[in-house]
$ cat entry15.cif   # mmCIF, C-alpha atoms
data_structure
loop_
_atom_site.label_atom_id
_atom_site.label_comp_id
_atom_site.auth_asym_id
_atom_site.auth_seq_id
_atom_site.Cartn_x
_atom_site.Cartn_y
_atom_site.Cartn_z
CA MET A 1 114.02 166.60 187.37
CA ARG A 2 111.39 165.31 189.77
CA TRP A 3 109.29 163.42 187.25
CA LYS A 4 106.98 160.70 188.53
CA ARG A 5 106.44 159.06 185.13
CA THR A 6 108.17 159.31 181.76
CA ILE A 7 107.08 157.75 178.49
CA GLN A 8 108.99 157.90 175.23
CA LEU A 9 107.01 158.22 172.00
CA VAL A 10 107.80 158.17 168.30
CA ASP A 11 105.70 160.80 166.54
CA VAL A 12 104.08 159.33 163.42
CA HIS A 13 101.20 160.22 161.14
CA CYS A 14 99.39 158.03 158.63
CA GLU A 15 97.93 159.91 155.68
CA GLY A 16 97.50 162.94 157.94
CA GLU A 17 96.20 161.21 161.08
CA ILE A 18 98.57 161.37 164.06
CA GLY A 19 99.33 158.05 165.77
CA ARG A 20 102.13 158.49 168.29
CA VAL A 21 103.75 155.22 169.36
CA ALA A 22 104.78 154.77 173.01
CA THR A 23 107.99 152.76 172.80
CA GLY A 24 109.40 153.15 176.31
CA GLY A 25 108.14 153.62 179.85
CA VAL A 26 104.82 151.83 179.28
CA PRO A 27 103.83 150.22 182.60
CA ASN A 28 102.59 146.68 182.96
CA ILE A 29 98.87 146.45 182.18
CA PRO A 30 96.99 143.53 183.81
CA GLY A 31 95.41 140.98 181.50
CA LYS A 32 96.17 137.63 179.91
CA THR A 33 95.16 138.89 176.45
CA ILE A 34 95.30 142.25 174.69
CA ALA A 35 91.49 142.33 174.90
CA GLU A 36 91.67 141.90 178.68
CA GLN A 37 94.27 144.68 178.89
CA LEU A 38 92.01 146.90 176.80
CA ASN A 39 89.14 146.16 179.17
CA HIS A 40 91.33 146.96 182.19
CA ILE A 41 92.11 150.41 180.79
CA ASN A 42 88.46 151.07 179.97
CA THR A 43 86.87 149.78 183.18
CA VAL A 44 89.50 149.78 185.95
CA ASP A 45 92.30 152.32 185.45
CA ASP A 46 92.32 154.90 182.67
CA SER A 47 95.01 157.15 184.17
CA LEU A 48 97.56 156.28 181.47
CA ARG A 49 95.07 157.12 178.72
CA ARG A 50 94.26 160.45 180.31
CA PHE A 51 97.97 161.19 180.78
CA LEU A 52 98.75 160.59 177.10
CA CYS A 53 95.59 161.86 175.40
CA LEU A 54 94.26 164.86 177.34
CA GLU A 55 95.60 168.34 177.94
CA PRO A 56 98.03 169.75 178.92
CA ARG A 57 100.28 166.99 177.52
CA SER A 58 98.22 166.31 174.40
CA GLY A 59 95.25 167.71 172.50
CA PRO A 60 92.16 166.79 170.47
CA LEU A 61 94.02 165.35 167.49
CA GLY A 62 95.43 161.89 167.06
CA SER A 63 95.96 158.77 169.16
CA ALA A 64 98.59 157.29 171.42
CA ASN A 65 99.53 153.67 170.74
CA LEU A 66 100.84 151.58 173.62
CA LEU A 67 103.37 148.96 172.60
CA VAL A 68 102.85 145.96 174.88
CA PRO A 69 104.30 142.43 174.87
CA PRO A 70 102.35 140.23 172.44
CA ARG A 71 100.17 137.50 173.92
CA ARG A 72 99.49 135.49 170.77
CA GLU A 73 102.05 133.05 169.43
CA GLY A 74 103.83 134.33 166.34
CA ALA A 75 103.22 138.03 167.04
CA ASP A 76 106.10 140.51 166.97
CA ALA A 77 104.40 143.18 169.07
CA GLY A 78 101.10 143.99 170.72
CA PHE A 79 99.47 147.40 170.77
CA ILE A 80 96.47 149.21 172.24
CA ILE A 81 95.03 152.44 170.83
CA LEU A 82 94.31 155.22 173.32
CA GLN A 83 92.04 158.13 172.42
CA ALA A 84 90.19 160.90 174.22
CA ASP A 85 87.18 158.72 175.02
CA GLN A 86 88.63 155.26 175.71
CA ALA A 87 91.02 152.55 174.59
CA HIS A 88 90.10 151.01 171.25
CA ALA A 89 90.66 147.51 169.88
CA MET A 90 91.93 148.23 166.40
CA SER A 91 92.72 151.04 163.96
CA GLY A 92 94.14 150.76 160.46
CA SER A 93 95.92 154.10 160.48
CA ASN A 94 97.39 153.42 163.92
CA ALA A 95 98.53 149.92 162.91
CA ILE A 96 100.36 151.49 159.96
CA CYS A 97 101.94 154.05 162.33
CA VAL A 98 103.00 151.27 164.73
CA THR A 99 104.51 149.17 161.94
CA THR A 100 106.43 152.14 160.55
CA ALA A 101 107.77 153.08 163.99
CA LEU A 102 108.84 149.50 164.78
CA LEU A 103 110.77 149.22 161.53
CA GLU A 104 112.29 152.68 161.25
CA THR A 105 113.52 152.67 164.86
CA GLY A 106 115.00 149.19 164.50
CA MET A 107 112.76 147.63 167.16
CA VAL A 108 111.90 145.08 164.49
CA GLU A 109 114.60 144.34 161.92
CA MET A 110 113.81 145.84 158.52
CA LYS A 111 114.33 143.57 155.54
CA GLU A 112 114.19 144.92 152.01
CA PRO A 113 112.20 144.88 149.83
CA GLU A 114 109.54 143.55 152.23
CA THR A 115 109.14 142.97 155.95
CA VAL A 116 106.23 141.17 157.59
CA VAL A 117 105.30 142.32 161.10
CA MET A 118 102.65 140.42 163.05
CA LEU A 119 100.64 142.65 165.41
CA ASP A 120 98.64 141.35 168.35
CA THR A 121 95.51 143.44 168.91
CA ALA A 122 92.35 143.10 170.94
CA SER A 123 90.49 142.34 167.70
CA GLY A 124 92.90 139.59 166.63
CA LEU A 125 96.19 139.02 164.88
CA VAL A 126 96.94 141.56 162.15
CA LYS A 127 99.52 140.89 159.44
CA ALA A 128 101.37 144.04 158.37
CA THR A 129 103.39 143.69 155.16
CA ALA A 130 105.73 146.64 154.77
CA ALA A 131 107.34 147.69 151.49
CA CYS A 132 110.84 148.84 152.47
CA ARG A 133 113.58 150.61 150.56
CA ASP A 134 116.75 152.49 151.56
CA GLY A 135 116.00 152.06 155.26
CA ARG A 136 112.49 153.47 154.98
CA CYS A 137 109.05 151.94 155.31
CA GLU A 138 107.39 153.19 152.12
CA SER A 139 103.93 151.66 152.61
CA VAL A 140 102.15 149.07 154.72
CA THR A 141 99.46 146.58 153.72
CA LEU A 142 97.36 145.29 156.61
CA THR A 143 95.46 142.03 156.52
CA MET A 144 92.62 143.16 158.74
CA PRO A 145 90.46 141.18 161.18
CA PRO A 146 87.35 139.62 159.63
CA SER A 147 84.73 142.30 158.97
CA PHE A 148 81.00 141.69 158.96
CA VAL A 149 77.60 143.33 158.82
CA HIS A 150 75.57 143.49 162.01
CA GLU A 151 72.53 145.19 160.46
CA LEU A 152 71.81 146.98 157.18
CA ASP A 153 69.44 149.91 156.66
CA LEU A 154 68.55 150.36 160.31
CA GLU A 155 66.24 153.34 160.68
CA VAL A 156 67.04 155.71 163.52
CA THR A 157 65.35 158.99 164.40
CA ILE A 158 67.65 161.78 165.51
CA GLU A 159 66.57 165.15 166.82
CA SER A 160 67.20 167.86 164.19
CA LEU A 161 68.18 165.21 161.60
CA GLY A 162 64.94 163.26 161.29
CA THR A 163 64.83 159.57 160.40
CA ILE A 164 67.90 158.27 158.61
CA LYS A 165 69.20 154.85 157.59
CA VAL A 166 72.46 153.49 159.01
CA ASP A 167 74.47 150.32 158.51
CA ILE A 168 75.91 148.78 161.67
CA CYS A 169 79.11 146.96 160.79
CA TYR A 170 82.31 145.62 162.31
CA GLY A 171 85.72 146.36 160.82
CA GLY A 172 87.90 145.75 163.88
CA ILE A 173 85.57 147.92 165.97
CA PHE A 174 81.88 148.69 165.46
CA TYR A 175 80.73 151.48 163.15
CA ALA A 176 77.54 153.18 162.14
CA LEU A 177 77.89 153.97 158.43
CA VAL A 178 75.76 156.79 157.05
CA ASP A 179 75.49 158.28 153.57
CA ALA A 180 76.45 161.94 153.84
CA SER A 181 73.49 162.85 151.64
CA ALA A 182 71.16 161.47 154.33
CA ILE A 183 71.94 164.48 156.50
CA GLY A 184 71.89 166.92 153.58
CA THR A 185 75.59 167.62 153.30
CA SER A 186 78.76 166.51 151.53
CA ILE A 187 82.16 165.44 152.81
CA SER A 188 84.72 168.23 152.75
CA LYS A 189 87.02 170.07 155.11
CA ALA A 190 84.56 172.96 155.12
CA ASN A 191 81.76 170.69 156.36
CA ALA A 192 83.77 168.88 159.05
CA ARG A 193 82.04 170.61 161.97
CA THR A 194 78.57 169.85 160.58
CA LEU A 195 79.51 166.19 160.10
CA VAL A 196 81.01 165.90 163.58
CA GLU A 197 77.95 167.36 165.27
CA ALA A 198 75.67 164.97 163.38
CA GLY A 199 77.97 162.04 164.07
CA MET A 200 77.98 162.66 167.81
CA LYS A 201 74.16 162.74 167.88
CA ILE A 202 73.86 159.53 165.88
CA LYS A 203 76.42 157.69 168.00
CA ALA A 204 74.78 158.74 171.26
CA GLU A 205 71.33 157.61 170.13
CA LEU A 206 72.55 154.27 168.78
CA ASN A 207 74.52 153.43 171.91
CA ARG A 208 71.47 154.39 173.99
CA SER A 209 69.04 152.23 172.04
CA LEU A 210 71.14 149.42 170.59
CA GLU A 211 73.38 146.80 172.22
CA VAL A 212 76.17 145.67 169.93
CA VAL A 213 78.71 143.07 171.09
CA HIS A 214 81.26 141.10 169.10
CA PRO A 215 80.08 137.45 169.11
CA GLU A 216 83.56 136.11 169.93
CA ILE A 217 85.28 138.98 171.74
CA PRO A 218 82.95 140.31 174.48
CA GLU A 219 85.37 143.13 175.36
CA ILE A 220 84.53 144.76 172.00
CA ARG A 221 81.11 146.35 172.34
CA GLY A 222 79.22 149.48 171.41
CA ILE A 223 79.42 151.81 168.42
CA SER A 224 82.87 153.41 168.46
CA TYR A 225 82.47 155.79 165.52
CA VAL A 226 80.03 157.11 162.96
CA MET A 227 81.53 157.20 159.47
CA PHE A 228 79.90 159.22 156.72
CA ARG A 229 80.49 158.09 153.15
CA SER A 230 79.84 159.18 149.59
CA GLU A 231 80.88 158.09 146.12
CA GLU A 232 83.35 160.24 144.20
CA PRO A 233 83.10 160.84 140.42
CA ASP A 234 86.10 158.54 139.87
CA GLY A 235 84.50 155.69 141.83
CA ALA A 236 86.44 156.23 145.07
CA VAL A 237 84.60 156.20 148.39
CA ARG A 238 84.91 159.47 150.29
CA THR A 239 84.96 158.93 154.06
CA CYS A 240 84.56 161.08 157.14
CA THR A 241 84.88 159.24 160.44
CA THR A 242 83.63 161.33 163.34
CA MET A 243 85.38 160.80 166.64
CA TRP A 244 84.38 161.71 170.17
CA PRO A 245 84.36 164.35 171.56
CA GLY A 246 84.28 166.32 168.32
CA ARG A 247 86.71 165.85 165.45
CA VAL A 248 87.14 163.94 162.20
CA ASP A 249 89.74 161.31 161.36
CA ARG A 250 92.25 162.84 158.97
CA SER A 251 93.01 159.47 157.36
CA PRO A 252 90.62 157.44 155.18
CA CYS A 253 90.09 155.18 158.24
CA GLY A 254 91.16 151.55 157.88
CA THR A 255 88.61 149.94 160.20
CA GLY A 256 85.82 152.11 158.80
CA SER A 257 86.82 151.31 155.22
CA SER A 258 86.84 147.60 156.15
CA ALA A 259 83.35 147.90 157.64
CA ASN A 260 82.12 149.71 154.53
CA LEU A 261 83.61 147.03 152.28
CA ALA A 262 81.61 144.46 154.25
CA THR A 263 78.41 146.37 153.36
CA LEU A 264 79.36 146.44 149.68
CA TYR A 265 79.95 142.68 149.74
CA ALA A 266 76.66 142.06 151.54
CA ARG A 267 74.82 144.09 148.91
CA GLY A 268 76.54 142.30 146.02
CA LYS A 269 78.54 145.39 145.02
CA ALA A 270 82.00 143.94 145.75
CA LYS A 271 83.62 140.56 145.19
CA VAL A 272 86.87 138.83 146.09
CA GLY A 273 89.73 140.47 144.20
CA ASP A 274 88.18 143.93 143.99
CA VAL A 275 90.40 146.87 144.97
CA LEU A 276 88.78 150.17 145.89
CA THR A 277 90.09 153.61 146.80
CA SER A 278 89.04 155.10 150.12
CA ARG A 279 89.62 158.87 150.22
CA SER A 280 89.72 160.91 153.41
CA THR A 281 88.16 164.25 154.24
CA ILE A 282 91.51 165.92 153.46
CA GLY A 283 92.05 163.92 150.24
CA THR A 284 94.58 161.28 151.34
CA GLU A 285 93.95 157.70 150.26
CA PHE A 286 94.01 154.02 151.23
CA LYS A 287 93.75 151.11 148.83
CA VAL A 288 91.09 148.72 150.14
CA ALA A 289 90.98 145.17 148.79
CA LEU A 290 88.58 142.29 149.36
CA SER A 291 91.06 139.43 149.72
CA GLY A 292 88.79 136.66 150.96
CA VAL A 293 85.59 135.55 152.65
CA THR A 294 85.06 133.68 155.90
CA GLU A 295 82.57 133.35 158.76
CA ILE A 296 82.36 134.80 162.26
CA ALA A 297 80.04 132.93 164.63
CA GLY A 298 78.11 131.59 161.65
CA ARG A 299 77.62 134.91 159.88
CA PRO A 300 79.26 135.87 156.55
CA ALA A 301 82.44 137.93 156.89
CA ILE A 302 85.18 139.24 154.64
CA ILE A 303 88.97 139.60 154.95
CA PRO A 304 89.92 143.13 153.89
CA THR A 305 93.41 144.46 153.22
CA ILE A 306 94.28 148.12 153.68
CA THR A 307 97.33 149.78 152.11
CA GLY A 308 98.55 153.18 153.27
CA ARG A 309 101.63 155.19 154.22
CA ALA A 310 103.01 156.71 157.40
CA TRP A 311 105.79 159.15 158.19
CA THR A 312 107.79 159.65 161.37
CA PHE A 313 108.17 163.31 162.28
CA GLY A 314 109.65 163.50 165.74
CA LEU A 315 110.49 162.02 169.12
CA THR A 316 108.72 163.00 172.33
CA GLN A 317 109.41 162.29 175.98
CA MET A 318 106.27 162.92 177.99
CA ALA A 319 106.66 163.38 181.72
CA LEU A 320 104.54 163.90 184.83
CA ASP A 321 105.57 166.17 187.66
CA PRO A 322 104.15 164.71 190.89
CA PHE A 323 103.04 168.19 191.98
CA ASP A 324 101.22 169.04 188.73
CA PRO A 325 97.58 169.89 189.64
CA THR A 326 96.47 168.92 186.11
CA ALA A 327 97.91 165.40 186.39
CA GLU A 328 94.56 163.75 185.56
CA GLY A 329 94.25 165.69 182.31
CA PHE A 330 91.44 167.89 181.08
CA ALA A 331 89.58 169.01 177.97
CA VAL A 332 87.83 172.30 177.24
CA THR A 333 84.91 172.75 174.87
CA ASP A 334 86.51 175.66 172.99
CA VAL A 335 88.75 173.36 170.94
CA TRP A 336 87.46 169.88 171.81
CA GLY A 337 83.81 170.55 170.98
CA PRO A 338 80.69 170.56 173.19
CA GLU A 339 80.93 166.84 174.03
CA ALA A 340 84.15 167.55 175.94
CA GLY A 341 82.02 168.96 178.72
CA GLU A 342 81.43 165.34 179.77
CA ILE A 343 85.13 164.80 180.52
CA ARG A 344 85.89 165.12 184.21
#
$ encode --input "entry15.cif" --output "structure tokens"
Amino acid sequence: MRWKRTIQLVDVHCEGEIGRVATGGVPNIPGKTIAEQLNHINTVDDSLRRFLCLEPRSGPLGSANLLVPPRREGADAGFIILQADQAHAMSGSNAICVTTALLETGMVEMKEPETVVMLDTASGLVKATAACRDGRCESVTLTMPPSFVHELDLEVTIESLGTIKVDICYGGIFYALVDASAIGTSISKANARTLVEAGMKIKAELNRSLEVVHPEIPEIRGISYVMFRSEEPDGAVRTCTTMWPGRVDRSPCGTGSSANLATLYARGKAKVGDVLTSRSTIGTEFKVALSGVTEIAGRPAIIPTITGRAWTFGLTQMALDPFDPTAEGFAVTDVWGPEAGEIR
């Protein structure tokens, strides 16, 4: 073989959302903190992200999680989420995938009935409490970064959608939260394309007109995703997180569910101790609990916990031939959606 680069990955999905975990071959990424490493990928050198997330080595679905040495004291591992658009600071489904991979491969010793894994992320330290039995990670409960409301009921006018209200909230990354009824549709697999197209328009307009920066972590800025929501007859929250360039998150979305819980708390609809069900577009579920309240830069914030499951389904070794003309990766609008035309 004449490979220039090889990276070993554990294939994992969390409630339907793929989150491959790069366990070997990850190069050194400059930065004193995970946030600085994230910023390096997004502003200096994104070749590794393109290698792992674009065609011909990957496709529109899922994420690649880079395992990196932790920078915070007490952390067992650090990780950075890579997706088609950029590196992201935090993801609930991906944190559950990472925890499951660390334990089931033996990279972190599994202890039954419970193992605590501390994850260093760009958004802060995340405590992952895994329920373990017979050598398997059965579920993971994440104590998420503090979540807070940036602005409620912001009116935004979108071509072809009219004027709609959005909540701008932080759940580990920034979200625009929109009631699905506001765009005249409901959340279902059949409506995924309609929701994605609306979500891309809303995200583009908000990032054009609104500057959003975390008050304590300047590397985290901008609206990452638009999540549509609706209430189910049984009281669960149905979610559809739309992701650039044109797909929906298959999981119930941990960071989005955390952001939404912050809106419920701000509106007096949730209190400490409440446990809600967040249900994905495909019907899989997270348990979302409001475990405490705190402050971030003087503003009210909550501490959410997210419980979900992940399954390992394979091992992959991804390689780069130095003579491959598609080394930089590519995306085509036929399967990636019209926004993929911006990828060069």
$ resolve_selection --input "entry15.cif" --expression "the PyMOL selection byres ((chain A and resi 96) around 10)" --output "PyMOL selection string"
chain A and resi 12-15+19+91-95+97-102+128-130+137+139-142+254+306-311
$ resolve_selection --input "entry15.cif" --expression "the PyMOL selection byres ((chain A and resi 188) around 12)" --output "JSON, numbers by chain"
{"A": [180, 185, 186, 187, 189, 190, 191, 192, 193, 194, 195, 196, 228, 229, 230, 232, 238, 239, 240, 241, 248, 250, 279, 280, 281, 282, 283]}
$ residues_near_point --input "entry15.cif" --point "(75.3, 149.1, 156.9)" --cutoff "12 Å" --atoms "all atoms listed in the file" --output "ChimeraX atom specification"
/A:147-155,164-171,174-179,226-229,256-267
$ write_last_selection --input "entry15.cif" --atoms "C-alpha atoms" --output "compact mmCIF listing (two decimals), keeping the file's coordinate frame"
# COMPACT_ATOMS: atom_id res chain seq x y z
CA SER A 147 84.73 142.30 158.97
CA PHE A 148 81.00 141.69 158.96
CA VAL A 149 77.60 143.33 158.82
CA HIS A 150 75.57 143.49 162.01
CA GLU A 151 72.53 145.19 160.46
CA LEU A 152 71.81 146.98 157.18
CA ASP A 153 69.44 149.91 156.66
CA LEU A 154 68.55 150.36 160.31
CA GLU A 155 66.24 153.34 160.68
CA ILE A 164 67.90 158.27 158.61
CA LYS A 165 69.20 154.85 157.59
CA VAL A 166 72.46 153.49 159.01
CA ASP A 167 74.47 150.32 158.51
CA ILE A 168 75.91 148.78 161.67
CA CYS A 169 79.11 146.96 160.79
CA TYR A 170 82.31 145.62 162.31
CA GLY A 171 85.72 146.36 160.82
CA PHE A 174 81.88 148.69 165.46
CA TYR A 175 80.73 151.48 163.15
CA ALA A 176 77.54 153.18 162.14
CA LEU A 177 77.89 153.97 158.43
CA VAL A 178 75.76 156.79 157.05
CA ASP A 179 75.49 158.28 153.57
CA VAL A 226 80.03 157.11 162.96
CA MET A 227 81.53 157.20 159.47
CA PHE A 228 79.90 159.22 156.72
CA ARG A 229 80.49 158.09 153.15
CA GLY A 256 85.82 152.11 158.80
CA SER A 257 86.82 151.31 155.22
CA SER A 258 86.84 147.60 156.15
CA ALA A 259 83.35 147.90 157.64
CA ASN A 260 82.12 149.71 154.53
CA LEU A 261 83.61 147.03 152.28
CA ALA A 262 81.61 144.46 154.25
CA THR A 263 78.41 146.37 153.36
CA LEU A 264 79.36 146.44 149.68
CA TYR A 265 79.95 142.68 149.74
CA ALA A 266 76.66 142.06 151.54
CA ARG A 267 74.82 144.09 148.91
$ resolve_selection --input "entry15.cif" --expression "the PyMOL selection byres ((chain A and resi 83) around 8)" --output "list in words"
Arg49, Cys53, Gly62, Ser63, Ala64, Ile81, Leu82, Ala84, Asp85, Gln86, Ala87 and His88 of chain A
$ residues_around --input "entry15.cif" --residues "segment 288-292 of chain A" --least-positions-apart "5" --cutoff "7 Å" --atoms "only C-alpha atoms" --output "number ranges by chain"
A: 271-278, 302-307
$ residues_around --input "entry15.cif" --residues "Val108 of chain A" --least-positions-apart "5" --cutoff "8 Å" --atoms "all atoms listed in the file" --output "PyMOL selection string"
chain A and resi 76+102-103+117
$ atom_distance --input "entry15.cif" --atom1 "atom CA of Glu114 of chain A" --atom2 "atom CA of Arg133 of chain A"
8.3 Å
$ atom_distance --input "entry15.cif" --atom1 "atom CA of Arg247 of chain A" --atom2 "atom CA of Gly59 of chain A"
11.2 Å
$ residues_around --input "entry15.cif" --residues "segment 217-219 of chain A" --least-positions-apart "4" --cutoff "7 Å" --atoms "all atoms listed in the file" --output "PyMOL selection string"
chain A and resi 35+39+213
$ write_last_selection --input "entry15.cif" --atoms "C-alpha atoms" --output "PDB file, keeping the file's coordinate frame"
ATOM      1  CA  ALA A  35      91.490 142.330 174.900  1.00  0.00           C
ATOM      2  CA  ASN A  39      89.140 146.160 179.170  1.00  0.00           C
ATOM      3  CA  VAL A 213      78.710 143.070 171.090  1.00  0.00           C
TER       4      VAL A 213
END
$ closest_residue --input "entry15.cif" --among "A:Met200, A:Gly235, A:Val126, A:Pro27" --to "Glu159 of chain A" --atoms "only C-alpha atoms"
A:Met200
$ residues_around --input "entry15.cif" --residues "Leu206 of chain A" --least-positions-apart "3" --cutoff "8 Å" --atoms "all atoms listed in the file" --output "ChimeraX atom specification"
/A:156,202-203,209-210,223
$ atom_distance --input "entry15.cif" --atom1 "atom CA of Pro113 of chain A" --atom2 "atom CA of Thr312 of chain A"
19.3 Å
$ residues_around --input "entry15.cif" --residues "Glu104 of chain A" --least-positions-apart "6" --cutoff "8 Å" --atoms "all atoms listed in the file" --output "list in words"
Met110, Gly135, Arg136 and Cys137 of chain A
$ build_atoms --input "entry15.cif" --residues "segment 300-318 of chain A" --atoms "N, CA, C and O atoms" --output "PDB file, keeping the file's coordinate frame"
ATOM      1  N   PRO A 300      78.290 135.581 157.598  1.00  0.00           N
ATOM      2  CA  PRO A 300      79.260 135.870 156.550  1.00  0.00           C
ATOM      3  C   PRO A 300      80.191 137.011 156.959  1.00  0.00           C
ATOM      4  O   PRO A 300      79.762 137.989 157.572  1.00  0.00           O
ATOM      5  N   ALA A 301      81.458 136.896 156.594  1.00  0.00           N
ATOM      6  CA  ALA A 301      82.440 137.930 156.890  1.00  0.00           C
ATOM      7  C   ALA A 301      83.450 137.982 155.759  1.00  0.00           C
ATOM      8  O   ALA A 301      83.572 137.036 154.964  1.00  0.00           O
ATOM      9  N   ILE A 302      84.160 139.075 155.675  1.00  0.00           N
ATOM     10  CA  ILE A 302      85.180 139.240 154.640  1.00  0.00           C
ATOM     11  C   ILE A 302      86.537 139.493 155.297  1.00  0.00           C
ATOM     12  O   ILE A 302      86.624 139.876 156.464  1.00  0.00           O
ATOM     13  N   ILE A 303      87.607 139.261 154.530  1.00  0.00           N
ATOM     14  CA  ILE A 303      88.970 139.600 154.950  1.00  0.00           C
ATOM     15  C   ILE A 303      89.428 140.778 154.095  1.00  0.00           C
ATOM     16  O   ILE A 303      89.737 140.604 152.913  1.00  0.00           O
ATOM     17  N   PRO A 304      89.455 141.977 154.651  1.00  0.00           N
ATOM     18  CA  PRO A 304      89.920 143.130 153.890  1.00  0.00           C
ATOM     19  C   PRO A 304      91.446 143.308 154.036  1.00  0.00           C
ATOM     20  O   PRO A 304      92.035 142.886 155.039  1.00  0.00           O
ATOM     21  N   THR A 305      92.055 143.942 153.062  1.00  0.00           N
ATOM     22  CA  THR A 305      93.410 144.460 153.220  1.00  0.00           C
ATOM     23  C   THR A 305      93.397 145.956 152.976  1.00  0.00           C
ATOM     24  O   THR A 305      92.651 146.452 152.119  1.00  0.00           O
ATOM     25  N   ILE A 306      94.207 146.652 153.749  1.00  0.00           N
ATOM     26  CA  ILE A 306      94.280 148.120 153.680  1.00  0.00           C
ATOM     27  C   ILE A 306      95.722 148.501 153.421  1.00  0.00           C
ATOM     28  O   ILE A 306      96.630 148.069 154.150  1.00  0.00           O
ATOM     29  N   THR A 307      95.973 149.311 152.414  1.00  0.00           N
ATOM     30  CA  THR A 307      97.330 149.780 152.110  1.00  0.00           C
ATOM     31  C   THR A 307      97.391 151.289 152.261  1.00  0.00           C
ATOM     32  O   THR A 307      96.581 152.023 151.680  1.00  0.00           O
ATOM     33  N   GLY A 308      98.354 151.752 153.056  1.00  0.00           N
ATOM     34  CA  GLY A 308      98.550 153.180 153.270  1.00  0.00           C
ATOM     35  C   GLY A 308      99.982 153.474 153.657  1.00  0.00           C
ATOM     36  O   GLY A 308     100.829 152.576 153.741  1.00  0.00           O
ATOM     37  N   ARG A 309     100.264 154.748 153.923  1.00  0.00           N
ATOM     38  CA  ARG A 309     101.630 155.190 154.220  1.00  0.00           C
ATOM     39  C   ARG A 309     101.661 155.972 155.526  1.00  0.00           C
ATOM     40  O   ARG A 309     100.669 156.601 155.907  1.00  0.00           O
ATOM     41  N   ALA A 310     102.809 155.927 156.178  1.00  0.00           N
ATOM     42  CA  ALA A 310     103.010 156.710 157.400  1.00  0.00           C
ATOM     43  C   ALA A 310     104.393 157.339 157.372  1.00  0.00           C
ATOM     44  O   ALA A 310     105.311 156.847 156.700  1.00  0.00           O
ATOM     45  N   TRP A 311     104.520 158.417 158.122  1.00  0.00           N
ATOM     46  CA  TRP A 311     105.790 159.150 158.190  1.00  0.00           C
ATOM     47  C   TRP A 311     106.108 159.475 159.652  1.00  0.00           C
ATOM     48  O   TRP A 311     105.239 159.966 160.385  1.00  0.00           O
ATOM     49  N   THR A 312     107.340 159.206 160.055  1.00  0.00           N
ATOM     50  CA  THR A 312     107.790 159.650 161.370  1.00  0.00           C
ATOM     51  C   THR A 312     108.177 161.118 161.287  1.00  0.00           C
ATOM     52  O   THR A 312     108.744 161.564 160.288  1.00  0.00           O
ATOM     53  N   PHE A 313     107.860 161.884 162.333  1.00  0.00           N
ATOM     54  CA  PHE A 313     108.170 163.310 162.280  1.00  0.00           C
ATOM     55  C   PHE A 313     108.770 163.860 163.566  1.00  0.00           C
ATOM     56  O   PHE A 313     108.986 165.070 163.699  1.00  0.00           O
ATOM     57  N   GLY A 314     109.043 162.986 164.522  1.00  0.00           N
ATOM     58  CA  GLY A 314     109.650 163.500 165.740  1.00  0.00           C
ATOM     59  C   GLY A 314     109.747 162.445 166.823  1.00  0.00           C
ATOM     60  O   GLY A 314     109.265 161.318 166.684  1.00  0.00           O
ATOM     61  N   LEU A 315     110.398 162.835 167.911  1.00  0.00           N
ATOM     62  CA  LEU A 315     110.490 162.020 169.120  1.00  0.00           C
ATOM     63  C   LEU A 315     110.030 162.870 170.288  1.00  0.00           C
ATOM     64  O   LEU A 315     110.373 164.050 170.385  1.00  0.00           O
ATOM     65  N   THR A 316     109.250 162.276 171.178  1.00  0.00           N
ATOM     66  CA  THR A 316     108.720 163.000 172.330  1.00  0.00           C
ATOM     67  C   THR A 316     108.990 162.203 173.600  1.00  0.00           C
ATOM     68  O   THR A 316     108.859 160.979 173.604  1.00  0.00           O
ATOM     69  N   GLN A 317     109.383 162.896 174.655  1.00  0.00           N
ATOM     70  CA  GLN A 317     109.410 162.290 175.980  1.00  0.00           C
ATOM     71  C   GLN A 317     108.386 163.028 176.826  1.00  0.00           C
ATOM     72  O   GLN A 317     108.521 164.220 177.087  1.00  0.00           O
ATOM     73  N   MET A 318     107.346 162.315 177.222  1.00  0.00           N
ATOM     74  CA  MET A 318     106.270 162.920 177.990  1.00  0.00           C
ATOM     75  C   MET A 318     106.467 162.577 179.457  1.00  0.00           C
ATOM     76  O   MET A 318     106.736 161.420 179.807  1.00  0.00           O
TER      77      MET A 318
END
